[in-house]
Amino acid sequence: MVDKFVGTWKMTSSDNFDDYMKALGVGFATRQVGNRTKPSLIINMDDQGMICVKFQSTFKTVEIKFKLNEPFEETTADDRKTMTVFTLENGNLVQKQNWDGKETTIEREVTGDGKLIAKCVMGDVVAVRTYVKEA
């Protein structure tokens, strides 16, 4: 089920990401970098079901490894320390991060036209980031 997410994805658009980062509590300088960066998203899975998600850009590379439905400690690109869990819901890869009594959800979906859409939700703020698969 995760197979459709495996590969290297290049960001093509990012909508409302600054407001999303503000809602997370990300500072101004980090938001400026975050808004200019168009990271690649690299997703792999090994034989034991361990999934590796790497966010790679000229500014910073962050890699997380996890198994579905198993909570783990994550240090995010903006240095938040979260308790994170990934699940599969209706064919979408859903990431929930909890820290300091707050929660954000990032739902990744592969669309019929082969794009990966990441919907980032924090309270009533929604950002949408679109990726296309590299050959």
# chains A, B, ... in the order shown; residues from 1 in each chain; ligands from 1
$ closest_atom_pairs --of "region 63-99 of chain A" --to "region 24-38 of chain A" --cutoff "12 Å" --atoms "only C-alpha atoms" --output "JSON lines"
{"residue": "A:Thr76", "atom": "CA", "partner": "A:Val26", "partner_atom": "CA", "distance": 11.1}
{"residue": "A:Ala77", "atom": "CA", "partner": "A:Gly34", "partner_atom": "CA", "distance": 9.2}
{"residue": "A:Asp78", "atom": "CA", "partner": "A:Val26", "partner_atom": "CA", "distance": 6.8}
{"residue": "A:Asp79", "atom": "CA", "partner": "A:Val26", "partner_atom": "CA", "distance": 9.2}
{"residue": "A:Arg80", "atom": "CA", "partner": "A:Val26", "partner_atom": "CA", "distance": 9.0}
{"residue": "A:Thr82", "atom": "CA", "partner": "A:Leu24", "partner_atom": "CA", "distance": 11.8}
{"residue": "A:Gln97", "atom": "CA", "partner": "A:Leu24", "partner_atom": "CA", "distance": 10.7}
{"residue": "A:Asn98", "atom": "CA", "partner": "A:Leu24", "partner_atom": "CA", "distance": 10.9}
{"residue": "A:Trp99", "atom": "CA", "partner": "A:Leu24", "partner_atom": "CA", "distance": 10.1}
$ closest_atom_pairs --of "region 75-127 of chain A" --to "region 3-13 of chain A" --cutoff "9 Å" --atoms "only C-alpha atoms" --output "JSON lines"
{"residue": "A:Leu93", "atom": "CA", "partner": "A:Phe5", "partner_atom": "CA", "distance": 8.3}
{"residue": "A:Arg108", "atom": "CA", "partner": "A:Phe5", "partner_atom": "CA", "distance": 8.6}
{"residue": "A:Glu109", "atom": "CA", "partner": "A:Phe5", "partner_atom": "CA", "distance": 8.2}
{"residue": "A:Val110", "atom": "CA", "partner": "A:Phe5", "partner_atom": "CA", "distance": 7.0}
{"residue": "A:Lys115", "atom": "CA", "partner": "A:Trp9", "partner_atom": "CA", "distance": 8.7}
{"residue": "A:Leu116", "atom": "CA", "partner": "A:Trp9", "partner_atom": "CA", "distance": 7.6}
$ closest_residue --among "A:Lys96, A:Phe17, A:Asn44, A:Thr61" --to "Glu73 (chain A)" --atoms "only C-alpha atoms"
A:Lys96
$ closest_residue --among "A:Thr84, A:Pro39, A:Gly123, A:Met21" --to "Lys60 (chain A)" --atoms "only C-alpha atoms"
A:Pro39
$ closest_residue --among "A:Leu88, A:Val132, A:Val94, A:Met83" --to "Val2 (chain A)" --atoms "only C-alpha atoms"
A:Leu88
$ atom_distance --atom1 "CA of Phe86 (chain A)" --atom2 "CA of Gly114 (chain A)"
21.3 Å
